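Asks: Contents are CSV, C-alpha atoms and all ligand atoms; file name data-v8.csv:
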chain,number,residue,atom,x,y,z
N,1,MET,CA,-54.9,-26.2,-101.7
N,2,THR,CA,-51.7,-24.8,-100.4
N,3,SER,CA,-51.2,-25.3,-96.7
N,4,LEU,CA,-49.4,-21.9,-96.5
N,5,PRO,CA,-51.6,-18.9,-95.5
N,6,THR,CA,-52.4,-16.5,-98.4
N,7,GLU,CA,-53.8,-13.7,-96.3
N,8,TRP,CA,-51.3,-11.4,-94.5
N,9,THR,CA,-51.5,-8.1,-92.8
N,10,ARG,CA,-49.4,-5.1,-93.7
N,11,ASP,CA,-47.5,-5.4,-90.4
N,12,GLU,CA,-46.8,-9.0,-91.1
N,13,LEU,CA,-45.4,-8.3,-94.6
N,14,LEU,CA,-43.2,-5.5,-93.1
N,15,GLU,CA,-41.9,-7.5,-90.2
N,16,SER,CA,-38.2,-8.3,-90.0
N,17,LEU,CA,-36.3,-11.2,-88.7
N,18,PRO,CA,-34.3,-10.7,-85.5
N,19,VAL,CA,-30.6,-10.0,-86.1
N,20,VAL,CA,-27.7,-10.1,-83.6
N,21,GLU,CA,-25.8,-7.4,-85.4
N,22,PRO,CA,-27.1,-4.5,-87.5
N,23,LEU,CA,-25.7,-3.6,-90.8
N,24,VAL,CA,-23.6,-0.4,-90.6
N,25,ALA,CA,-22.3,0.7,-94.0
N,26,GLY,CA,-19.6,3.3,-94.0
N,27,GLY,CA,-20.9,4.6,-90.7
N,28,VAL,CA,-24.5,4.7,-91.8
N,29,HIS,CA,-27.0,2.4,-90.0
N,30,CYS,CA,-28.8,0.4,-92.7
N,31,HIS,CA,-31.5,-2.1,-92.9
N,32,GLY,CA,-31.0,-5.9,-92.5
N,33,GLY,CA,-28.2,-7.3,-90.3
N,34,PHE,CA,-26.5,-10.5,-89.4
N,35,ASP,CA,-27.6,-13.7,-87.6
N,36,GLU,CA,-25.6,-15.7,-85.1
N,37,ALA,CA,-23.7,-17.4,-87.9
N,38,GLY,CA,-22.8,-14.0,-89.4
N,39,ARG,CA,-25.0,-14.5,-92.4
N,40,TYR,CA,-26.7,-11.4,-93.9
N,41,VAL,CA,-30.4,-11.3,-93.3
N,42,SER,CA,-32.5,-9.1,-95.6
N,43,PRO,CA,-35.0,-6.7,-94.0
N,44,ARG,CA,-38.7,-7.3,-93.8
N,45,THR,CA,-38.4,-11.0,-94.7
N,46,ARG,CA,-39.9,-12.5,-91.6
N,47,ASN,CA,-43.1,-13.4,-93.6
N,48,ARG,CA,-42.6,-12.0,-97.1
N,49,TRP,CA,-41.0,-15.1,-98.6
N,50,THR,CA,-43.6,-17.4,-97.0
N,51,ALA,CA,-46.4,-15.2,-98.3
N,52,ILE,CA,-44.9,-15.0,-101.9
N,53,GLU,CA,-44.5,-18.8,-101.9
N,54,ALA,CA,-48.0,-19.3,-100.8
N,55,TRP,CA,-49.4,-17.0,-103.5
N,56,GLN,CA,-47.3,-18.7,-106.2
N,57,GLN,CA,-48.4,-22.2,-105.0
N,58,SER,CA,-52.0,-21.2,-104.8
N,59,HIS,CA,-51.9,-19.6,-108.3
N,60,ALA,CA,-50.3,-22.7,-109.8
N,61,GLU,CA,-53.0,-24.9,-108.2
N,62,GLN,CA,-55.8,-22.7,-109.5
N,63,PHE,CA,-54.5,-21.9,-113.0
N,64,GLY,CA,-51.8,-24.5,-113.7
N,65,ARG,CA,-49.7,-21.9,-115.6
N,66,PRO,CA,-46.0,-21.1,-115.1
N,67,LEU,CA,-44.8,-17.8,-113.7
N,68,LEU,CA,-44.1,-15.0,-116.1
N,69,ASP,CA,-40.4,-14.8,-116.6
N,70,ILE,CA,-37.6,-13.7,-118.9
N,71,PRO,CA,-34.1,-15.2,-119.1
N,72,LEU,CA,-31.2,-13.2,-117.7
N,73,GLU,CA,-29.3,-13.8,-120.9
N,74,SER,CA,-31.8,-11.6,-122.7
N,75,TRP,CA,-29.6,-8.7,-121.7
N,76,PRO,CA,-25.9,-8.3,-122.7
N,77,GLU,CA,-23.1,-7.8,-120.2
N,78,ALA,CA,-22.7,-4.5,-118.3
N,79,TYR,CA,-21.2,-1.6,-120.2
N,80,PRO,CA,-18.4,-0.7,-119.5
N,81,ASN,CA,-17.6,-4.4,-118.7
N,82,VAL,CA,-15.4,-5.5,-115.8
N,83,ALA,CA,-12.2,-5.3,-118.0
N,84,GLN,CA,-13.0,-1.8,-119.1
N,85,ALA,CA,-13.8,-0.6,-115.6
N,86,THR,CA,-10.7,-2.2,-114.2
N,87,PHE,CA,-8.6,-0.5,-116.9
N,88,LEU,CA,-10.2,2.9,-116.2
N,89,VAL,CA,-9.7,2.8,-112.5
N,90,GLY,CA,-6.1,1.4,-112.9
N,91,ALA,CA,-5.3,4.3,-115.3
N,92,GLY,CA,-6.5,6.8,-112.6
N,93,VAL,CA,-9.8,7.5,-114.4
N,94,SER,CA,-12.3,6.5,-111.7
N,95,GLU,CA,-14.9,9.2,-112.4
N,96,PRO,CA,-17.1,7.1,-114.7
N,97,ILE,CA,-17.3,4.3,-112.2
N,98,ILE,CA,-18.0,6.8,-109.4
N,99,SER,CA,-20.8,8.4,-111.4
N,100,SER,CA,-22.1,4.9,-112.3
N,101,LEU,CA,-22.4,4.0,-108.6
N,102,THR,CA,-24.0,7.4,-107.8
N,103,ARG,CA,-26.5,6.9,-110.6
N,104,ILE,CA,-27.4,3.4,-109.5
N,105,GLY,CA,-27.9,4.6,-105.9
N,106,THR,CA,-30.1,7.5,-107.0
N,107,VAL,CA,-32.2,5.4,-109.3
N,108,GLU,CA,-32.7,2.8,-106.6
N,109,GLY,CA,-33.9,5.6,-104.3
N,110,PHE,CA,-36.6,6.5,-106.9
N,111,GLY,CA,-37.9,3.0,-106.3
N,112,ALA,CA,-39.7,4.4,-103.3
N,113,MET,CA,-42.2,6.1,-105.7
N,114,ILE,CA,-43.9,2.8,-106.0
N,115,ARG,CA,-45.7,3.4,-102.8
N,116,TYR,CA,-47.6,6.3,-104.4
N,117,SER,CA,-49.1,4.1,-107.1
N,118,LEU,CA,-52.9,4.5,-107.6
N,119,ILE,CA,-54.5,1.2,-106.7
N,120,PRO,CA,-57.9,0.3,-108.2
N,121,ASP,CA,-60.5,-1.9,-106.7
N,122,PHE,CA,-58.9,-5.1,-108.0
N,123,GLN,CA,-62.0,-7.3,-107.5
N,124,ALA,CA,-63.9,-5.0,-109.8
N,125,CYS,CA,-61.2,-5.3,-112.4
N,126,PHE,CA,-61.3,-9.1,-112.8
N,127,GLU,CA,-63.9,-11.7,-113.5
N,128,GLU,CA,-62.4,-14.3,-111.2
N,129,ASP,CA,-62.0,-14.1,-107.4
N,130,VAL,CA,-58.8,-12.2,-106.4
N,131,ARG,CA,-58.8,-13.1,-102.7
N,132,GLY,CA,-55.6,-14.6,-101.3
N,133,THR,CA,-53.4,-13.2,-104.1
N,134,ALA,CA,-50.2,-11.1,-104.1
N,135,LEU,CA,-52.3,-8.5,-106.1
N,136,THR,CA,-54.5,-7.6,-103.2
N,137,HIS,CA,-51.4,-7.2,-101.0
N,138,LEU,CA,-49.7,-4.6,-103.2
N,139,ASP,CA,-51.1,-1.7,-101.1
N,140,ASN,CA,-51.1,-3.8,-98.0
N,141,GLY,CA,-47.4,-4.2,-97.4
N,142,LEU,CA,-45.7,-5.3,-100.6
N,143,PHE,CA,-45.2,-1.8,-102.2
N,144,GLU,CA,-44.3,-0.3,-98.8
N,145,ALA,CA,-41.7,-3.0,-98.1
N,146,HIS,CA,-40.2,-2.5,-101.6
N,147,ALA,CA,-40.1,1.3,-101.1
N,148,ARG,CA,-38.4,1.0,-97.7
N,149,ASP,CA,-35.9,-1.5,-99.1
N,150,GLU,CA,-34.9,0.9,-101.9
N,151,ALA,CA,-34.8,4.3,-100.2
N,152,GLY,CA,-34.5,3.4,-96.6
N,153,TYR,CA,-37.0,4.2,-93.8
N,154,GLY,CA,-36.7,6.5,-90.9
N,155,ALA,CA,-33.2,6.6,-89.6
N,156,GLU,CA,-32.4,3.3,-91.4
N,157,GLY,CA,-30.6,3.5,-94.8
N,158,GLY,CA,-31.7,1.4,-97.7
N,159,HIS,CA,-30.2,0.6,-101.1
N,160,LYS,CA,-29.7,4.2,-102.0
N,161,GLN,CA,-27.5,4.7,-98.9
N,162,MET,CA,-25.8,1.3,-99.3
N,163,TRP,CA,-24.7,2.1,-102.9
N,164,PHE,CA,-23.4,5.5,-101.8
N,165,ALA,CA,-21.6,3.8,-98.9
N,166,ALA,CA,-20.1,1.3,-101.3
N,167,ARG,CA,-18.9,4.1,-103.5
N,168,ASP,CA,-17.5,6.1,-100.6
N,169,ILE,CA,-15.6,3.1,-99.2
N,170,ALA,CA,-14.2,2.0,-102.5
N,171,PHE,CA,-13.1,5.4,-103.6
N,172,GLU,CA,-12.6,7.1,-100.3
N,173,HIS,CA,-15.3,9.7,-100.3
N,174,PRO,CA,-14.8,10.9,-103.9
N,175,VAL,CA,-17.6,13.5,-104.1
N,176,THR,CA,-19.3,16.1,-102.1
N,177,GLU,CA,-23.1,16.5,-102.2
N,178,ASP,CA,-22.8,19.5,-104.6
N,179,GLN,CA,-20.6,17.5,-107.0
N,180,THR,CA,-23.1,14.7,-106.8
N,181,GLU,CA,-25.9,17.0,-108.0
N,182,VAL,CA,-23.7,18.3,-110.9
N,183,MET,CA,-22.9,14.7,-111.9
N,184,LEU,CA,-26.5,13.6,-111.8
N,185,GLN,CA,-27.6,16.6,-113.9
N,186,ARG,CA,-24.9,15.8,-116.4
N,187,MET,CA,-26.4,12.3,-116.7
N,188,GLY,CA,-29.9,13.8,-117.1
N,189,ILE,CA,-31.1,12.8,-113.6
N,190,THR,CA,-32.4,15.4,-111.2
N,191,THR,CA,-33.2,14.8,-107.5
N,192,ALA,CA,-34.9,18.1,-107.0
N,193,GLY,CA,-38.3,17.7,-105.6
N,194,GLY,CA,-37.7,14.3,-104.1
N,195,GLY,CA,-37.3,12.4,-107.4
N,196,ARG,CA,-38.6,12.1,-110.8
N,197,GLY,CA,-41.7,10.3,-111.7
N,198,PRO,CA,-41.6,7.8,-114.5
N,199,MET,CA,-42.8,9.2,-117.9
N,200,LEU,CA,-46.3,8.0,-118.6
N,201,PRO,CA,-46.5,5.8,-121.7
N,202,GLU,CA,-49.4,6.0,-124.2
N,203,PRO,CA,-52.4,3.8,-123.2
N,204,MET,CA,-52.7,0.6,-125.3
N,205,PHE,CA,-56.3,-0.2,-124.4
N,206,ASP,CA,-59.3,2.2,-124.5
N,207,ASP,CA,-61.5,-0.1,-122.5
N,208,ILE,CA,-59.3,-0.9,-119.5
N,209,ASP,CA,-59.1,1.5,-116.5
N,210,PRO,CA,-56.2,3.8,-117.3
N,211,ASN,CA,-54.9,3.6,-113.7
N,212,LEU,CA,-54.8,-0.2,-113.9
N,213,GLU,CA,-53.1,-0.1,-117.2
N,214,GLN,CA,-50.5,2.3,-115.9
N,215,LEU,CA,-49.9,0.2,-112.8
N,216,ILE,CA,-49.3,-2.9,-114.9
N,217,ALA,CA,-47.0,-0.9,-117.3
N,218,ARG,CA,-45.0,0.4,-114.3
N,219,MET,CA,-44.7,-3.0,-112.6
N,220,ALA,CA,-43.6,-4.6,-115.9
N,221,SER,CA,-40.9,-2.0,-116.4
N,222,LEU,CA,-39.8,-2.2,-112.8
N,223,LEU,CA,-39.6,-6.0,-112.9
N,224,LEU,CA,-37.4,-5.7,-116.0
N,225,ILE,CA,-35.2,-3.1,-114.3
N,226,GLU,CA,-34.9,-5.4,-111.3
N,227,ILE,CA,-34.0,-8.5,-113.4
N,228,SER,CA,-31.6,-6.7,-115.8
N,229,ALA,CA,-29.9,-5.0,-112.8
N,230,HIS,CA,-28.5,-8.4,-112.0
N,231,HIS,CA,-25.7,-7.8,-114.6
N,232,ILE,CA,-24.9,-4.4,-113.2
N,233,PHE,CA,-24.8,-5.7,-109.7
N,234,ALA,CA,-22.6,-8.6,-110.6
N,235,TRP,CA,-20.3,-6.2,-112.4
N,236,ALA,CA,-20.1,-3.8,-109.4
N,237,GLU,CA,-19.5,-6.7,-107.1
N,238,GLU,CA,-16.6,-7.9,-109.2
N,239,VAL,CA,-15.0,-4.5,-109.7
N,240,LEU,CA,-15.4,-3.5,-106.1
N,241,ALA,CA,-14.0,-6.8,-104.8
N,242,ASP,CA,-10.5,-6.2,-106.3
N,243,PRO,CA,-8.3,-5.0,-103.4
N,244,GLU,CA,-5.6,-3.9,-105.8
N,245,LEU,CA,-8.0,-1.6,-107.5
N,246,VAL,CA,-10.3,-0.1,-104.8
N,247,ALA,CA,-10.1,0.6,-101.0
N,248,GLY,CA,-12.0,-1.0,-98.2
N,249,ASP,CA,-10.7,-4.6,-98.4
N,250,GLY,CA,-13.8,-6.0,-100.2
N,251,GLU,CA,-16.3,-4.2,-97.9
N,252,ALA,CA,-17.9,-2.3,-100.9
N,253,ALA,CA,-18.4,-5.6,-102.8
N,254,ARG,CA,-20.0,-7.2,-99.7
N,255,LEU,CA,-22.4,-4.3,-99.5
N,256,VAL,CA,-23.4,-4.9,-103.1
N,257,SER,CA,-23.9,-8.6,-102.4
N,258,TYR,CA,-26.4,-7.7,-99.5
N,259,ILE,CA,-28.3,-5.4,-101.9
N,260,ARG,CA,-28.5,-8.2,-104.4
N,261,ALA,CA,-30.0,-10.5,-101.8
N,262,ASP,CA,-32.6,-7.9,-100.9
N,263,GLU,CA,-33.7,-7.6,-104.5
N,264,ALA,CA,-34.8,-11.2,-104.8
N,265,PRO,CA,-38.2,-10.7,-103.1
N,266,HIS,CA,-38.9,-7.7,-105.4
N,267,VAL,CA,-38.4,-9.8,-108.5
N,268,ALA,CA,-40.5,-12.6,-106.9
N,269,TYR,CA,-43.6,-10.6,-105.9
N,270,LEU,CA,-43.7,-8.6,-109.2
N,271,LYS,CA,-43.6,-11.8,-111.3
N,272,THR,CA,-46.3,-13.2,-109.1
N,273,VAL,CA,-48.7,-10.2,-109.4
N,274,LEU,CA,-48.2,-9.9,-113.2
N,275,THR,CA,-48.9,-13.7,-113.5
N,276,GLU,CA,-52.0,-13.5,-111.4
N,277,MET,CA,-53.4,-10.8,-113.7
N,278,ARG,CA,-52.2,-12.5,-116.9
N,279,ASP,CA,-54.2,-15.6,-116.1
N,280,ARG,CA,-57.4,-13.8,-115.2
N,281,ALA,CA,-60.0,-12.1,-117.4
N,282,PHE,CA,-60.1,-8.3,-117.2
N,283,VAL,CA,-63.5,-6.6,-116.9
N,284,THR,CA,-63.6,-3.8,-119.5
N,285,THR,CA,-65.1,-0.4,-119.0
N,286,SER,CA,-67.8,-1.3,-121.5
N,287,GLY,CA,-68.8,-4.3,-119.4
N,288,GLY,CA,-67.2,-7.0,-121.5
N,289,THR,CA,-64.0,-8.9,-120.8
N,290,ARG,CA,-60.5,-9.1,-122.2
N,291,PRO,CA,-58.1,-12.0,-121.7
N,292,GLY,CA,-55.4,-11.2,-119.2
N,293,GLU,CA,-52.9,-12.8,-121.6
N,294,GLU,CA,-53.7,-10.1,-124.1
N,295,VAL,CA,-53.6,-7.1,-121.7
N,296,VAL,CA,-50.6,-8.2,-119.6
N,297,GLY,CA,-48.9,-9.8,-122.6
N,298,THR,CA,-49.1,-6.6,-124.7
N,299,LEU,CA,-47.8,-4.4,-121.9
N,300,TRP,CA,-45.0,-6.8,-121.0
N,301,GLU,CA,-43.9,-7.0,-124.7
N,302,ARG,CA,-43.8,-3.2,-124.9
N,303,ALA,CA,-41.8,-2.9,-121.7
N,304,LYS,CA,-39.4,-5.6,-122.9
N,305,GLY,CA,-38.9,-3.9,-126.2
N,306,GLU,CA,-38.0,-0.6,-124.4
N,307,SER,CA,-35.7,-2.3,-121.9
N,308,LEU,CA,-33.7,-4.1,-124.7
N,309,GLY,CA,-34.0,-1.3,-127.2
N,310,ILE,CA,-34.3,2.4,-126.4
N,311,ARG,CA,-33.3,2.2,-122.7
N,312,ARG,CA,-30.2,0.1,-123.5
N,313,GLN,CA,-29.2,2.6,-126.2
N,314,GLN,CA,-29.6,5.5,-123.9
N,315,ASN,CA,-27.5,3.8,-121.2
N,316,LEU,CA,-24.7,3.0,-123.6
N,317,ALA,CA,-24.6,6.6,-124.9
N,318,LEU,CA,-24.6,7.9,-121.3
N,319,ALA,CA,-21.8,5.6,-120.3
N,320,VAL,CA,-19.6,6.6,-123.2
N,321,ARG,CA,-20.3,10.3,-122.6
N,322,GLU,CA,-19.2,9.8,-119.0
N,323,VAL,CA,-15.9,8.2,-120.0
N,324,GLU,CA,-15.2,10.9,-122.6
N,325,HIS,CA,-16.0,13.6,-120.1
N,326,ALA,CA,-13.6,12.0,-117.6
N,327,VAL,CA,-10.7,11.9,-120.0
N,328,SER,CA,-11.4,15.2,-121.8
N,329,GLY,CA,-8.6,17.2,-120.3
N,330,ASN,CA,-6.2,14.3,-120.2
N,331,PRO,CA,-3.1,14.5,-122.5
N,332,ARG,CA,-3.4,10.8,-123.1
N,333,ARG,CA,-7.1,11.1,-124.0
N,334,ASP,CA,-7.0,9.3,-127.4
N,335,ASP,CA,-4.8,6.4,-126.2
N,336,LEU,CA,-7.0,5.9,-123.1
N,337,LEU,CA,-10.2,5.9,-125.2
N,338,GLU,CA,-8.7,3.5,-127.7
N,339,GLU,CA,-7.6,1.1,-125.1
N,340,PHE,CA,-10.9,1.4,-123.3
N,341,HIS,CA,-12.9,0.6,-126.4
N,342,SER,CA,-10.5,-2.3,-127.3
N,343,LEU,CA,-11.5,-4.0,-124.1
N,344,GLY,CA,-15.2,-3.9,-124.8
N,345,SER,CA,-17.4,-6.5,-126.6
N,346,ILE,CA,-19.1,-3.6,-128.4
N,347,ARG,CA,-17.8,-0.2,-129.4
N,348,PRO,CA,-19.4,3.0,-130.9
N,349,THR,CA,-18.6,3.9,-134.5
N,350,ALA,CA,-18.0,7.6,-135.5
N,351,SER,CA,-21.7,7.9,-136.3
N,352,GLY,CA,-22.8,6.7,-132.9
N,353,GLU,CA,-23.8,3.2,-134.0
N,354,TRP,CA,-22.7,0.2,-131.9
N,355,VAL,CA,-20.8,-2.7,-133.4
N,356,SER,CA,-19.7,-6.0,-131.9
N,357,VAL,CA,-15.9,-6.5,-131.5
N,358,ALA,CA,-13.9,-9.5,-130.3
N,359,PRO,CA,-12.8,-8.4,-126.8
N,360,ALA,CA,-9.1,-8.0,-126.5
N,361,GLY,CA,-7.1,-9.0,-123.5
N,362,TYR,CA,-8.8,-12.4,-123.0
N,401,FE,FE,-32.8,-2.1,-104.7
N,402,FE,FE,-35.3,-3.7,-106.0
Mind converting the file's structure to structure tokens?
Replies:
Amino acid sequence: MTSLPTEWTRDELLESLPVVEPLVAGGVHCHGGFDEAGRYVSPRTRNRWTAIEAWQQSHAEQFGRPLLDIPLESWPEAYPNVAQATFLVGAGVSEPIISSLTRIGTVEGFGAMIRYSLIPDFQACFEEDVRGTALTHLDNGLFEAHARDEAGYGAEGGHKQMWFAARDIAFEHPVTEDQTEVMLQRMGITTAGGGRGPMLPEPMFDDIDPNLEQLIARMASLLLIEISAHHIFAWAEEVLADPELVAGDGEAARLVSYIRADEAPHVAYLKTVLTEMRDRAFVTTSGGTRPGEEVVGTLWERAKGESLGIRRQQNLALAVREVEHAVSGNPRRDDLLEEFHSLGSIRPTASGEWVSVAPAGY
């Protein structure tokens, strides 16, 4: 048995470590802070990591199965890539990068919706005991910590505010609130009414509680967003670290590195919960059971297909539209677009298909 405790209160999972200096991002007080050695400390990690480790150990001891995972290399590099983004900003076409950062910040803020998830009685959903699992802590601190990390809490900014601060530092307050709204609408994102709920996918099982199935589907797609965001975050950190290119002497890139550090517990607890369910037997509404491998496996594969397929295609189309929009009135439009595409590892054809190209400039 693991010697680490597997039962935690909501307050314990929300507790932060002490810091000697708070994080102030572009004048906004944010979560987290710095220890005596000047190292960044993520918020609400006083117990969260110990708890996640305990749940993972306890699961491995009971079930002997590895954590659900997906290699980072499953996703291609960010689009536009670093060379393309550097080219655009250097050519005075910063708008696509500004809208990208605005979009990331806004979508991060939607992460707070996780706290409104409908939570079933988990013990009734599984044949095996669920005590001492991450699963039973979802509505007892884990979702709330995640929501606060993404959207901020009270007077304290979270990732949403940190991305906006990174953008404002790097590009010296490029947009007003009204312009932000127009930009988001152009990208098909609206913030009206406090955020957009995720579209509900078709149910895959007629004998599993639909709320439970929805919860699993949502966590699977959230986990994939969290993991694949690694590439976008690495991209942003590299572009924003270039003092020749953007303002702020690397401050914007440092902010992104803090956000990346905060994401690690999100990835860890979501993997743990999905694994705990995968290795148990689901109790069906007809009183039978279904292997967790089948239920979680099916929903995971569907989410993976969407992340690597339709969502990737939509993001690519959106990115190109933003670049085309930004150069639309520019007398050098065609040359700029051609050079932009020549720096990519993929490019769109006239019919909107994407083809691989050998990147130039390397
Ligand atoms: Fe985040
Ligand atoms: Fe996150």
Asks: List as a compact mmCIF listing (two decimals) with C-alpha atoms, in the frame of the given file the protein and nucleic acid residues lying within 9 Å of ligand FE 402 (chain N), with all atoms listed in the file counted.
Replies:
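Result written to pocket-v2.txt:
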# COMPACT_ATOMS: atom_id res chain seq x y z
CA GLU N 108 -32.70 2.80 -106.60
CA GLY N 111 -37.90 3.00 -106.30
CA HIS N 146 -40.20 -2.50 -101.60
CA ALA N 147 -40.10 1.30 -101.10
CA ASP N 149 -35.90 -1.50 -99.10
CA GLU N 150 -34.90 0.90 -101.90
CA HIS N 159 -30.20 0.60 -101.10
CA LEU N 222 -39.80 -2.20 -112.80
CA LEU N 223 -39.60 -6.00 -112.90
CA ILE N 225 -35.20 -3.10 -114.30
CA GLU N 226 -34.90 -5.40 -111.30
CA ILE N 227 -34.00 -8.50 -113.40
CA ALA N 229 -29.90 -5.00 -112.80
CA ILE N 259 -28.30 -5.40 -101.90
CA ARG N 260 -28.50 -8.20 -104.40
CA ASP N 262 -32.60 -7.90 -100.90
CA GLU N 263 -33.70 -7.60 -104.50
CA ALA N 264 -34.80 -11.20 -104.80
CA PRO N 265 -38.20 -10.70 -103.10
CA HIS N 266 -38.90 -7.70 -105.40
CA VAL N 267 -38.40 -9.80 -108.50
Asks: I'd like the contact shell of N:Val130 - 10 Å cut-off, all atoms listed in the file, skipping same-chain residues fewer than 5 positions apart - returned as a ChimeraX atom specification.
Replies: /N:122-125,135-136,276-277,280
Asks: Could you pull the residues within 12 Å of N:Glu36, counting all atoms listed in the file, minus those fewer than 3 positions along the same chain, as a PyMOL selection string?
Replies: chain N and resi 18-22+33+39-41
Asks: Considering all atoms listed in the file, state which residue in the set N:Gly152, N:Gly344, N:Pro120, N:Gly248 is at the smallest distance from ligand FE 401 (chain N).
Replies: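 Going through N:Gly152, N:Gly344, N:Pro120, N:Gly248 one by one, the smallest distance to ligand FE 401 (chain N) is for N:Gly152.
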Asks: Would you please work out which residue, of N:Arg131, N:His230, N:Lys304, N:Arg254, is nearest to ligand FE 401 (chain N) when using all atoms listed in the file?
Replies: N:His230
Asks: Do a neighbour search on N:Arg115 at 9 Å with only C-alpha atoms, toss out local chain neighbours closer than 3 positions, and write the hits as a ChimeraX atom specification.
Replies: /N:111-112,118,138-139,142-147
Asks: Using C-alpha atoms, can you write the selected residues to a file as a tab-separated table (two decimals), in the coordinates of the input?
Replies:
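Produced file selection.tsv, reproduced below:
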chain	number	residue	atom	x	y	z
N	111	GLY	CA	-37.90	3.00	-106.30
N	112	ALA	CA	-39.70	4.40	-103.30
N	118	LEU	CA	-52.90	4.50	-107.60
N	138	LEU	CA	-49.70	-4.60	-103.20
N	139	ASP	CA	-51.10	-1.70	-101.10
N	142	LEU	CA	-45.70	-5.30	-100.60
N	143	PHE	CA	-45.20	-1.80	-102.20
N	144	GLU	CA	-44.30	-0.30	-98.80
N	145	ALA	CA	-41.70	-3.00	-98.10
N	146	HIS	CA	-40.20	-2.50	-101.60
N	147	ALA	CA	-40.10	1.30	-101.10
Asks: Ranking N:Thr285, N:Leu184, N:Leu215, N:Asn47 by minimum distance to N:Arg10 and counting all atoms listed in the file, which one comes first?
Replies: N:Asn47
Asks: Show me the residues around (-23.8, 3.1, -94.5) - criterion: an atom at most 6 Å away, all atoms listed in the file counted - as an MDAnalysis selection string.
Replies: chainID N and resid 24:30 161:162 165
Asks: May I have the selected residues written with C-alpha atoms, as a short mmCIF file (atom, residue, chain, number, x, y, z; two decimals), keeping the file's coordinate frame?
Replies:
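Wrote it out as again-v5.cif, contents follow:
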data_model
loop_
_atom_site.label_atom_id
_atom_site.label_comp_id
_atom_site.auth_asym_id
_atom_site.auth_seq_id
_atom_site.Cartn_x
_atom_site.Cartn_y
_atom_site.Cartn_z
CA VAL N 24 -23.60 -0.40 -90.60
CA ALA N 25 -22.30 0.70 -94.00
CA GLY N 26 -19.60 3.30 -94.00
CA GLY N 27 -20.90 4.60 -90.70
CA VAL N 28 -24.50 4.70 -91.80
CA HIS N 29 -27.00 2.40 -90.00
CA CYS N 30 -28.80 0.40 -92.70
CA GLN N 161 -27.50 4.70 -98.90
CA MET N 162 -25.80 1.30 -99.30
CA ALA N 165 -21.60 3.80 -98.90
#
Asks: Just checking: using all atoms listed in the file, which residue out of N:Thr106, N:Glu61, N:Gly288, N:Ala326 ends up closest to ligand FE 401 (chain N)?
Replies: N:Thr106
Asks: I'd like to know which of N:Ser351, N:Asp279, N:Lys271, N:Ile104 is closest to ligand FE 401 (chain N), using all atoms listed in the file.
Replies: N:Ile104
